[in-house]
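Below is one structure, written out as structure tokens; the observations come after it.
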Amino acid sequence: MRVIRIDASSATILLTESPAPKVRDRQTGEVAKDALTREALMTVGVVYIDEGESSLIQVTIPESGVTDGLTVGAPVALPGLVARPWESVFNGQQRHGIAYRATAVTSGAFPMAQAG
């Protein structure tokens, strides 16, 4: 499936949910792992603000990419951010969405205001 790179250089990204293990199977509590590296995966909630519009999104990150000192409400950076459209059939219902993934989540800064 197609992967779309996201240029977040002009966006403000604020942490809304602390990093937590990504659960693969809710019944067993099994944590999701990267298909290639077998590393445990984490998710973070962020608000992504760009060009006057905002979206709440969940982003998957490898456990080694989660840095210490992240604070809910603070700006963060998501290097290597990509979006991957997906679709599936669950209980006879067609479902679709966009999955977001980054190589890391680090402390960020608010973008500098552009001089007009």
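Going by the structure tokens order, chains are called A, B, ..., each with residues numbered from 1, while ligands are numbered from 1 in the order shown.
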
* To do: Using only C-alpha atoms, determine which residues lie at most 8 Å from Ile13 in chain A, disregarding the query and same-chain residues fewer than 6 positions distant; provide the list as an NGL selection string.
  => :A and (46-49 or 75-77)

Using only N, CA, C and O atoms, please write the residues we just selected to a file, as a short mmCIF file (atom, residue, chain, number, x, y, z; two decimals), in the first residue's frame.
data_model
loop_
_atom_site.label_atom_id
_atom_site.label_comp_id
_atom_site.auth_asym_id
_atom_site.auth_seq_id
_atom_site.Cartn_x
_atom_site.Cartn_y
_atom_site.Cartn_z
N VAL A 46 -1.50 13.18 19.29
CA VAL A 46 -1.05 14.55 19.05
C VAL A 46 -2.15 15.34 18.37
O VAL A 46 -3.05 14.78 17.74
N VAL A 47 -2.07 16.66 18.52
CA VAL A 47 -2.87 17.53 17.68
C VAL A 47 -1.88 18.13 16.67
O VAL A 47 -0.83 18.64 17.05
N TYR A 48 -2.22 17.99 15.40
CA TYR A 48 -1.38 18.43 14.29
C TYR A 48 -2.03 19.69 13.73
O TYR A 48 -3.16 19.64 13.23
N ILE A 49 -1.33 20.82 13.84
CA ILE A 49 -1.89 22.11 13.42
C ILE A 49 -1.03 22.67 12.29
O ILE A 49 0.18 22.84 12.45
N PRO A 75 5.01 21.06 22.76
CA PRO A 75 5.28 20.76 21.35
C PRO A 75 6.22 19.57 21.22
O PRO A 75 7.11 19.37 22.06
N VAL A 76 6.01 18.78 20.19
CA VAL A 76 6.87 17.63 19.89
C VAL A 76 7.22 17.64 18.41
O VAL A 76 6.57 18.31 17.62
N ALA A 77 8.24 16.87 18.07
CA ALA A 77 8.62 16.66 16.67
C ALA A 77 8.41 15.18 16.36
O ALA A 77 8.59 14.32 17.22
#

* Using only C-alpha atoms, which of A:Thr71, A:Ser64, A:Ser54, A:Gln94 sits nearest Thr12 in chain A? ->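 The shortest atom-to-atom distance to Thr12 in chain A comes from A:Ser54.
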
* **strand (DSSP E or B) call set, DSSP backbone run, chain A, as a VMD selection string** => chain A and resid 4 to 5 12 to 21 23 to 25 30 to 31 33 40 to 50 53 to 62 66 75 to 77 82 to 90 93 to 101 105 to 107

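Near Ser10 in chain A, within a cut-off of 8 Å and counting only C-alpha atoms, sit the residues Asp7, Ala8, Thr12, Asp50 and Pro111 of chain A, with same-chain residues fewer than 2 positions away left out.
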
* Asked: Smallest atom-to-atom distance to Lys33 in chain A: which of A:Thr106, A:Thr67, A:Thr60, A:Ser55, using only C-alpha atoms?
  ->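 Going through A:Thr106, A:Thr67, A:Thr60, A:Ser55 one by one, the smallest distance to Lys33 in chain A is for A:Thr60.
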
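If you look at CA of Asn91 in chain A and CA of Arg24 in chain A, they are 17.8 Å away from each other.
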
* So which one's closest to Glu63 in chain A, A:Glu87, A:Glu30, A:Ala20, A:Ile98? Using only C-alpha atoms, please. -> A:Ala20

* To do: In Å, rounded to a single decimal, give me how far CA of Thr16 in chain A is from CA of Tyr100 in chain A.
  =>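 One can read the CA of Tyr100 in chain A to CA of Thr16 in chain A distance as 15.2 Å.
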
* Asked: Smallest atom-to-atom distance to Trp86 in chain A: which of A:Val59, A:Val72, A:Val31, A:Val3, using only C-alpha atoms?
  -> A:Val3

* Of the listed residues A:Thr28, A:Ala83, A:Ser9, A:Val89, that which approaches Glu51 in chain A most closely, counting only C-alpha atoms ->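 Of A:Thr28, A:Ala83, A:Ser9, A:Val89, the one nearest Glu51 in chain A, counting only C-alpha atoms, is A:Ser9.
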